[in-house]
Structure formats: structure tokens, C-alpha cells
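To keep things clear, I will list the structure first and then write my remarks on it.
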Amino acid sequence: MAHYHDLEHLHPPLPELGEEVTLHLETAAKEGLLLYEKDGEIHKKPMEPAKGGLRVRVPVHTSPFRYCFLLPEGYLGSHGLEKTLPRYDRFFHLLAGPLPPRWALGTVYYQIFPDRFRQGRKELAPQDGEWFLMGRPIRKKAWNDPPGPEGAWEFYGGDLWGILEALPYLEALGVETLYLTPIFQSPSSHRYDTEDYLRVDPHLGGEEALEALFQALEKRGMRLVLDGVFNHVGATHPWFQRALKDPESPERSMFTFYPDGSYAAFWGVKSMPKLDYASPLTQERFVYGPRAPIRHWMRLAHGFRLDVAHSIGEGGTNRKNARWLRALARAAKEERPEAVVFGELSYDTTATLRAHTLDGAMHYAGFAHPVMEWLSGRDVHGRPVHLDAQETWQVLWDHHQALPVQLRHSMYTLLSSHDIPRALWRLKGDVERFKLAYALLFGFPGSPAIYYGDEVGLSQPNPYAKWQGDPYCRAPFPWDESAWNLEVLTLIHRLVKLKRTHPALRLGGLLPLEAGKEVLAFRRRYQGQEIWAFFAPEGARLTLPPGIDLIAEKEVAGEVETSFLLFQPV
């Protein structure tokens, strides 16, 4: 690529509003102009020669700050060189503070579903029939029983004490940040139907266990992200019960009731009534008040993932979504300036993140979905789909380039989660393709996320013909090491170490790389150092200069046959 501009070309990389920033462009061009939008007009500023290209200094007057470069051969925006002025959505987008904390750029996540990870104290586990959920008794299951179709009713008894016990294992794996699905008091095993946001579920160990876990993580230099379920509450929450029973109650305004007596709920599921952020009481209890959970728990957490962030809004809809995401993120950062707040944005993240709302998002549309469609031949819903390597690359490139520059490395980048089928299951147990997928995850920009158990080859019990993730993707972690796939575990150990120690993998920009039609290939570059990444499910023969196979830790040169490779030229 003749021109290159990414995070390393912003000085400072995380500026505050009004601060001057130097923009550098790697290019052979000897002259050029910076074009930026201000007050509806396009302003121009000459660039000056600098080492390796051109540079210009400009104040960040707004966020997002939109700009492109005018060079002798055309206009350079986020999607490459164009002969005419690009659309604004093809400009580079730079944000001013507040921004993701530096620790969140490229951090290695590990997602845990608390009921299914590890049991620390048997006496905390719910008992068979201890309470009713939506009219049916809950069930206590043995740890090694596979999950069945009644996921919300099935309890295995994992708790926060168990996670604390497992910290040596997680630290040895190289995990930097834990993301836990909901831990606050709820009647279901998934706990997305919250009853009390200010009480850690006693079956998980209560606040005592959370505090012990937080302190232990801090001592290890690790961090904790909690799940913020702020789009809806559980139908058993006292606020909703008051709203339901008394139309004159103050809480009635927190929800959206219709003339026929029904109410807005997440996906129409009546056990999860949707909050209305037009209500001053909702705003006080979830955003601005000192007991708002996103503020209250910042003393025992380093951030939040916002559940169904794309749905949060007013009047039973996502109206003013960007406003309330922005308000929630800033509330957390007012309590802990180094907090990270990212969202479950299941679809296109571009518009939301460019609106300067969150620190990033779960990278479904821009990574997980296209990668798994390519490797499995089916989309996340099980429908047949055919993507070749080059088509997959185009999707990855398009989403990556559309992101604000500073958020490209704080995207929660994943293959499996508690909401979609596990990657190994989608690949019909093909371990080699699974390994390729994880190598791609760690080679690509972003913050790679390991879904608990993926690293030891955990799959799902349902047959491939019964295409479903939840509840089957939530099996208990197999602590019997004889059940582990050590080949996969060894690879992921190595990938984590590479992500943590190679600046080009952690903070490097993304550049295309030609390697043949059936090979998905790209370069990562940072401060002059490059890593080349190659992925070919059917295998490929590559011709390489002298360098190092970073995964195998050996020197290679000339013709190499491989299905995946992270290569550092020397």
C-alpha cells in the first residue's frame, strides 16, 4: 500500500477536545493537504514533509473529527484512494476524550458465565425446586451433565469463589481482563432478568465474594468487567411490580405501558420489561444518581459491558440511543476515569461508535460472523452461506476501516459467546479449522476474547442438525484435565503471549497482503515492525523471505506449506 495512516500516526493518540494533534501520513507523496469538516464546511490545511511522509497539526475541535488527505493522485480516506472527494463516511474518524483507557487497547479478555465456570462453595448452590421461575421450579444439575433445553431453569452451582480459585489457571493462560455475564440477584441461571442491581446474587457468594475476587485481580494486575443489564429489568423486580400493580406509582413512568395493558419488553419476552429512559426516575436510578449501578459498582470493577446496547432508549424503542449510551459511559468514567464501557452491538457498530458513545463493541458483524461464515459455510442462524477468502477479507477490511481510529484496538473481538453457537461446534469438531480461527482472532486488530472452555476444546451437546447456541453453548467448564484438548490449549497459550508481547499485534495497523485467491492474508505494522498473517483452511504454499514463524518459534524462508501462519520478516 502506497499510503498508510492508523493509530500510531496520531500524536497524542488519545487527545482531549480542543487539544492539538499531529496527524502523520506514511506516503511517497511530497506534498498534500489535510481536508477536515468544520461547521458544515470543508477546511484545508497544507501538510509539511516529515520522516517517511507528510504531517500536519490541527486542533480537535469536535468529536468525531472527520478528515481525509488530498494528494497529487487523489483523495485518501479510510477506505483508500479515490479520484473525487469521498463521502463523509469514508473519511477518517478521530474521537476526543473521554476515550478507552490505554490498558483496554488490545487487552486479552476471558468471558465467564458464572453458574457454569467453577464451583467454589457447594453450600451456595441453588437446590432443586428452591423457587419457581415463570411458574416452573428450577432444577439443580450435576456438574458433568450436559445442558438441556430449559437453560434458564438449570443451575449448576458455579460461583465467584470458584472464579477466585481459578485465577492461577487464568493468569497462567495470560488472561488480562475477565468479563462476567450478570452477577446481580436474579431468579434465572443467566441472570439477565435482574431483581436487585445493588445486590450480588447470594448464590454466587454475594458482595463478599465479588470484593475478594476484585482484590485478587488487582494484585495480579488483572481487571474485571461486569455485565450491565440496563435495557430492561426482570419482571420480579420490585420497581416493575409496583408499576404493574399501581398505575399511579412513580415507577409506572420507568416502563412503557400500552392502552391494552401490555408493556414493552426485550424481544417481547414479558419476563424482561424494557426501561424507558425518557423517565426522569429511570435516568436517576440508572445514570445520574449515586446508587445507579453503573456508578455504584465502579469501586469493585474496571468497567461494564452493556447488554443489548443497541436497544437502550426511550418510549419502548431505541430512540435517543446514542445519547443514553454516551451518558452511561460517562457515568462510569466519572466514578473511575480508567473504566472501559463497551456494548453489545449485534449489528453494524459504525454509526453508534462514530457518535462518540462507547469505548468499543462486541465485534460480531465485523469479525465473528464473517469469519465463522467463511470457515463453517453457515451463518450464525445455521443458513448455508459461501464466502471465499477474498470476500471475507473485504468484510473484515470494510468494518475495520469504518471504525473510529482509536477504537480499532478496543473492540471486543470474538468467535464464541454465551449467545451464539460455540466455534468448535459450528466447525463440526474440526480442530485444525478451530485453531486457524483462533490464530486469526489473535492476529487481527482488537481485544481478543476467549469464551470460557474454548481453550480446552469445549463444544456443545446438541446435534449439528439442531442449530442452536443458547442454552447449549453454556455447558459447565470441564475441570477434569483428561477431557482437555492440550493441542488447542498449547496454541492459545502461545497466541496470548504473542498478543501481549508484540506491539505490532497489540497496537499495529491493518494493511492488505496479496497471497493468492484462497488465502486470507494481511499485515500488521507498528513503528516500522511488521507481522504477516496468512490463513488458508485448505492449506497453501507460500514463498517467504527469511523470517520467524512466531507460533512455532522457528526460522523459516523460501517455500512453506501451511494452513495458518504468523510470520515476522527479518
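Identifiers for the C-alpha cells are assigned positionally: chains receive A, B, ... in sequence, residues are indexed from 1 per chain, and ligands are indexed from 1 in the order shown.
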
Notebook entry, point to check: Tell me, which residues of stretch 60-234 of chain A carry DSSP alpha helix (DSSP H), written as a PyMOL selection string?
Noted result: chain A and resi 114-117+160-165+167-173+206-220

Output C-alpha atoms for every residue in that selection, as an mmCIF file, in the first residue's frame.
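out.cif, freshly written:
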data_model
loop_
_atom_site.group_PDB
_atom_site.id
_atom_site.type_symbol
_atom_site.label_atom_id
_atom_site.label_comp_id
_atom_site.auth_asym_id
_atom_site.auth_seq_id
_atom_site.Cartn_x
_atom_site.Cartn_y
_atom_site.Cartn_z
ATOM 1 C CA PRO A 114 -20.582 -17.637 36.414
ATOM 2 C CA ASP A 115 -23.027 -20.504 37.039
ATOM 3 C CA ARG A 116 -21.074 -22.722 34.616
ATOM 4 C CA PHE A 117 -17.383 -21.963 35.244
ATOM 5 C CA LEU A 160 -17.491 -16.155 42.282
ATOM 6 C CA TRP A 161 -15.453 -18.097 44.844
ATOM 7 C CA GLY A 162 -14.848 -20.668 42.131
ATOM 8 C CA ILE A 163 -13.578 -17.981 39.765
ATOM 9 C CA LEU A 164 -11.267 -16.770 42.532
ATOM 10 C CA GLU A 165 -9.902 -20.323 42.914
ATOM 11 C CA LEU A 167 -7.228 -17.273 38.969
ATOM 12 C CA PRO A 168 -3.881 -19.146 38.884
ATOM 13 C CA TYR A 169 -5.155 -21.059 35.838
ATOM 14 C CA LEU A 170 -6.363 -17.856 34.142
ATOM 15 C CA GLU A 171 -3.178 -15.971 34.979
ATOM 16 C CA ALA A 172 -1.074 -18.799 33.557
ATOM 17 C CA LEU A 173 -3.156 -18.665 30.379
ATOM 18 C CA GLY A 206 -22.621 -12.067 47.455
ATOM 19 C CA GLU A 207 -20.626 -8.865 47.688
ATOM 20 C CA GLU A 208 -18.030 -10.552 49.910
ATOM 21 C CA ALA A 209 -17.032 -12.845 47.035
ATOM 22 C CA LEU A 210 -17.017 -10.008 44.489
ATOM 23 C CA GLU A 211 -14.756 -7.923 46.712
ATOM 24 C CA ALA A 212 -12.382 -10.845 47.243
ATOM 25 C CA LEU A 213 -12.266 -11.515 43.504
ATOM 26 C CA PHE A 214 -11.685 -7.852 42.675
ATOM 27 C CA GLN A 215 -8.846 -7.515 45.186
ATOM 28 C CA ALA A 216 -7.197 -10.712 43.943
ATOM 29 C CA LEU A 217 -7.382 -9.489 40.348
ATOM 30 C CA GLU A 218 -5.897 -6.128 41.292
ATOM 31 C CA LYS A 219 -2.958 -7.839 42.991
ATOM 32 C CA ARG A 220 -2.281 -9.763 39.788
#

Notebook entry, point to check: Which polymer residues have any atom within 7 Å of an atom of A:Leu345, counting only C-alpha atoms, with same-chain residues fewer than 4 positions away left out, as a list of chain:residue names?
Noted result: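 The residues that qualify are A:Val308, A:Ala309, A:His310, A:Thr349, A:Ala361, A:Met362.
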
Next item on the list: Excluding stretch 39-47 of chain A and any residue of its chain fewer than 5 positions from it, enumerate the residues within 10 Å of it, using only C-alpha atoms, and give them as a list in words.
Entry: Leu23, His24, Leu25, Lys30, Glu31, Gly32, Leu33, Leu34, Gly53, Leu54, Arg55, Val56, Arg57, Val58, His61, Thr62, Arg66, Tyr67, Cys68, Phe69, Leu70 and Leu71 of chain A

Margin query: What does the structure give for the distance between atom CA of A:Asp193 and atom CA of A:Val233, in Å to one decimal?
Written below: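 Interatomic distance, atom CA of A:Asp193 to atom CA of A:Val233: 5.5 Å.
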
Next item on the list: List the neighbours of A:Thr107 out to 9 Å using only C-alpha atoms; skip same-chain residues closer than 6 positions along the sequence, and give me the result as a list of chain:residue names.
Entry: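 The neighbour list is A:Val175, A:Glu176, A:Thr177, A:His409, A:Ser410, A:Tyr412, A:Gly446, A:Ser447, A:Pro448, A:Ala449, A:Lys499, A:Arg500, A:Arg506.
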
Selection above as a file: N, CA, C and O atoms, as a PDB file, in the first residue's frame:
ATOM      1  N   VAL A 175      -4.516 -14.407  30.564  1.00  0.00           N
ATOM      2  CA  VAL A 175      -5.699 -13.541  30.539  1.00  0.00           C
ATOM      3  C   VAL A 175      -5.406 -12.241  31.281  1.00  0.00           C
ATOM      4  O   VAL A 175      -4.796 -12.244  32.353  1.00  0.00           O
ATOM      5  N   GLU A 176      -5.869 -11.135  30.721  1.00  0.00           N
ATOM      6  CA  GLU A 176      -5.672  -9.826  31.353  1.00  0.00           C
ATOM      7  C   GLU A 176      -6.953  -9.260  31.944  1.00  0.00           C
ATOM      8  O   GLU A 176      -6.917  -8.546  32.944  1.00  0.00           O
ATOM      9  N   THR A 177      -8.109  -9.551  31.312  1.00  0.00           N
ATOM     10  CA  THR A 177      -9.374  -8.958  31.745  1.00  0.00           C
ATOM     11  C   THR A 177     -10.470 -10.009  31.730  1.00  0.00           C
ATOM     12  O   THR A 177     -10.687 -10.667  30.709  1.00  0.00           O
ATOM     13  N   HIS A 409      -8.655  -0.913  18.374  1.00  0.00           N
ATOM     14  CA  HIS A 409      -7.961  -1.881  19.231  1.00  0.00           C
ATOM     15  C   HIS A 409      -8.717  -2.177  20.522  1.00  0.00           C
ATOM     16  O   HIS A 409      -8.282  -3.024  21.300  1.00  0.00           O
ATOM     17  N   SER A 410      -9.840  -1.489  20.752  1.00  0.00           N
ATOM     18  CA  SER A 410     -10.625  -1.756  21.964  1.00  0.00           C
ATOM     19  C   SER A 410     -11.918  -2.494  21.631  1.00  0.00           C
ATOM     20  O   SER A 410     -12.787  -2.647  22.499  1.00  0.00           O
ATOM     21  N   TYR A 412     -14.150  -5.604  21.328  1.00  0.00           N
ATOM     22  CA  TYR A 412     -14.203  -6.927  21.956  1.00  0.00           C
ATOM     23  C   TYR A 412     -14.389  -7.930  20.815  1.00  0.00           C
ATOM     24  O   TYR A 412     -15.483  -8.141  20.302  1.00  0.00           O
ATOM     25  N   GLY A 446      -7.716  -5.556  17.593  1.00  0.00           N
ATOM     26  CA  GLY A 446      -8.793  -5.626  18.569  1.00  0.00           C
ATOM     27  C   GLY A 446      -8.351  -6.286  19.845  1.00  0.00           C
ATOM     28  O   GLY A 446      -7.192  -6.668  20.024  1.00  0.00           O
ATOM     29  N   SER A 447      -9.317  -6.432  20.759  1.00  0.00           N
ATOM     30  CA  SER A 447      -9.082  -7.094  22.039  1.00  0.00           C
ATOM     31  C   SER A 447      -9.677  -8.489  21.955  1.00  0.00           C
ATOM     32  O   SER A 447     -10.897  -8.660  22.015  1.00  0.00           O
ATOM     33  N   PRO A 448      -8.849  -9.524  21.791  1.00  0.00           N
ATOM     34  CA  PRO A 448      -9.367 -10.877  21.583  1.00  0.00           C
ATOM     35  C   PRO A 448     -10.037 -11.419  22.837  1.00  0.00           C
ATOM     36  O   PRO A 448      -9.547 -11.230  23.948  1.00  0.00           O
ATOM     37  N   ALA A 449     -11.164 -12.108  22.639  1.00  0.00           N
ATOM     38  CA  ALA A 449     -11.934 -12.630  23.766  1.00  0.00           C
ATOM     39  C   ALA A 449     -12.043 -14.145  23.655  1.00  0.00           C
ATOM     40  O   ALA A 449     -12.539 -14.665  22.658  1.00  0.00           O
ATOM     41  N   LYS A 499       0.194 -11.887  21.545  1.00  0.00           N
ATOM     42  CA  LYS A 499      -0.620 -10.670  21.582  1.00  0.00           C
ATOM     43  C   LYS A 499      -0.100  -9.702  22.639  1.00  0.00           C
ATOM     44  O   LYS A 499      -0.096  -8.480  22.440  1.00  0.00           O
ATOM     45  N   ARG A 500       0.346 -10.238  23.756  1.00  0.00           N
ATOM     46  CA  ARG A 500       0.784  -9.390  24.857  1.00  0.00           C
ATOM     47  C   ARG A 500       2.182  -8.825  24.662  1.00  0.00           C
ATOM     48  O   ARG A 500       2.520  -7.799  25.258  1.00  0.00           O
ATOM     49  N   ARG A 506      -0.510  -6.027  19.044  1.00  0.00           N
ATOM     50  CA  ARG A 506      -1.354  -5.363  20.046  1.00  0.00           C
ATOM     51  C   ARG A 506      -1.888  -4.019  19.542  1.00  0.00           C
ATOM     52  O   ARG A 506      -3.057  -3.704  19.730  1.00  0.00           O
TER      53      ARG A 506
END

Notebook entry, point to check: Quick one: of A:Ile138, A:Ile450, A:Leu513, A:Val560, who's nearest to A:Gly174, counting only C-alpha atoms?
Noted result: A:Ile450

Check: Pick the closest to A:Ser188 from A:Lys245, A:Lys428, A:His400, A:His203: which is it, counting only C-alpha atoms?
Finding: A:His203

Next item on the list: Check stretch 155-348 of chain A with DSSP on the backbone and list each residue it calls strand (DSSP E), as a PyMOL selection string.
Entry: chain A and resi 155+177-180+184-185+196-200+223-228+303-306+340-343

Notebook entry, point to check: Pick the closest to A:Gly120 from A:Leu204, A:Ala465, A:Ala521, A:Leu387: which is it, counting only C-alpha atoms?
Noted result: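 Comparing A:Leu204, A:Ala465, A:Ala521, A:Leu387 against A:Gly120, the winner is A:Leu204.
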
Can you tell me which residues surround A:Pro250 at a distance of at most 12 Å, considering only C-alpha atoms, apart from same-chain residues fewer than 4 positions away, and format the answer as a PDB file with N, CA, C and O atoms, in the first residue's frame?
ATOM      1  N   TRP A 239     -39.478  -2.606  41.414  1.00  0.00           N
ATOM      2  CA  TRP A 239     -39.905  -1.407  40.686  1.00  0.00           C
ATOM      3  C   TRP A 239     -40.959  -1.750  39.650  1.00  0.00           C
ATOM      4  O   TRP A 239     -41.957  -1.048  39.506  1.00  0.00           O
ATOM      5  N   PHE A 240     -40.742  -2.834  38.930  1.00  0.00           N
ATOM      6  CA  PHE A 240     -41.725  -3.196  37.915  1.00  0.00           C
ATOM      7  C   PHE A 240     -42.996  -3.717  38.566  1.00  0.00           C
ATOM      8  O   PHE A 240     -44.108  -3.456  38.068  1.00  0.00           O
ATOM      9  N   GLN A 241     -42.862  -4.456  39.657  1.00  0.00           N
ATOM     10  CA  GLN A 241     -44.059  -4.955  40.324  1.00  0.00           C
ATOM     11  C   GLN A 241     -44.941  -3.802  40.802  1.00  0.00           C
ATOM     12  O   GLN A 241     -46.171  -3.860  40.678  1.00  0.00           O
ATOM     13  N   ARG A 242     -44.324  -2.736  41.317  1.00  0.00           N
ATOM     14  CA  ARG A 242     -45.107  -1.569  41.731  1.00  0.00           C
ATOM     15  C   ARG A 242     -45.764  -0.914  40.527  1.00  0.00           C
ATOM     16  O   ARG A 242     -46.931  -0.509  40.582  1.00  0.00           O
ATOM     17  N   ALA A 243     -45.007  -0.787  39.433  1.00  0.00           N
ATOM     18  CA  ALA A 243     -45.554  -0.177  38.220  1.00  0.00           C
ATOM     19  C   ALA A 243     -46.720  -0.986  37.667  1.00  0.00           C
ATOM     20  O   ALA A 243     -47.711  -0.426  37.179  1.00  0.00           O
ATOM     21  N   LEU A 244     -46.616  -2.301  37.753  1.00  0.00           N
ATOM     22  CA  LEU A 244     -47.639  -3.190  37.204  1.00  0.00           C
ATOM     23  C   LEU A 244     -48.927  -3.127  38.014  1.00  0.00           C
ATOM     24  O   LEU A 244     -50.033  -3.118  37.460  1.00  0.00           O
ATOM     25  N   LYS A 245     -48.779  -3.066  39.342  1.00  0.00           N
ATOM     26  CA  LYS A 245     -49.941  -3.152  40.224  1.00  0.00           C
ATOM     27  C   LYS A 245     -50.604  -1.814  40.497  1.00  0.00           C
ATOM     28  O   LYS A 245     -51.793  -1.764  40.833  1.00  0.00           O
ATOM     29  N   ASP A 246     -49.823  -0.732  40.372  1.00  0.00           N
ATOM     30  CA  ASP A 246     -50.370   0.590  40.723  1.00  0.00           C
ATOM     31  C   ASP A 246     -50.073   1.602  39.616  1.00  0.00           C
ATOM     32  O   ASP A 246     -48.964   2.123  39.530  1.00  0.00           O
ATOM     33  N   MET A 254     -41.244   4.498  34.515  1.00  0.00           N
ATOM     34  CA  MET A 254     -39.983   3.874  34.123  1.00  0.00           C
ATOM     35  C   MET A 254     -40.167   2.848  33.002  1.00  0.00           C
ATOM     36  O   MET A 254     -39.180   2.383  32.429  1.00  0.00           O
ATOM     37  N   PHE A 255     -41.426   2.498  32.711  1.00  0.00           N
ATOM     38  CA  PHE A 255     -41.705   1.468  31.723  1.00  0.00           C
ATOM     39  C   PHE A 255     -42.712   1.992  30.712  1.00  0.00           C
ATOM     40  O   PHE A 255     -43.319   3.043  30.913  1.00  0.00           O
ATOM     41  N   SER A 279     -37.993   8.703  31.151  1.00  0.00           N
ATOM     42  CA  SER A 279     -38.444   8.918  32.528  1.00  0.00           C
ATOM     43  C   SER A 279     -37.327   9.497  33.387  1.00  0.00           C
ATOM     44  O   SER A 279     -36.242   8.902  33.483  1.00  0.00           O
ATOM     45  N   PRO A 280     -37.556  10.625  34.059  1.00  0.00           N
ATOM     46  CA  PRO A 280     -36.547  11.156  34.981  1.00  0.00           C
ATOM     47  C   PRO A 280     -36.171  10.167  36.083  1.00  0.00           C
ATOM     48  O   PRO A 280     -35.039  10.158  36.550  1.00  0.00           O
ATOM     49  N   LEU A 281     -37.132   9.298  36.465  1.00  0.00           N
ATOM     50  CA  LEU A 281     -36.831   8.327  37.510  1.00  0.00           C
ATOM     51  C   LEU A 281     -35.870   7.252  36.989  1.00  0.00           C
ATOM     52  O   LEU A 281     -34.944   6.842  37.698  1.00  0.00           O
ATOM     53  N   THR A 282     -36.063   6.803  35.750  1.00  0.00           N
ATOM     54  CA  THR A 282     -35.113   5.870  35.137  1.00  0.00           C
ATOM     55  C   THR A 282     -33.742   6.515  35.027  1.00  0.00           C
ATOM     56  O   THR A 282     -32.717   5.895  35.341  1.00  0.00           O
TER      57      THR A 282
END
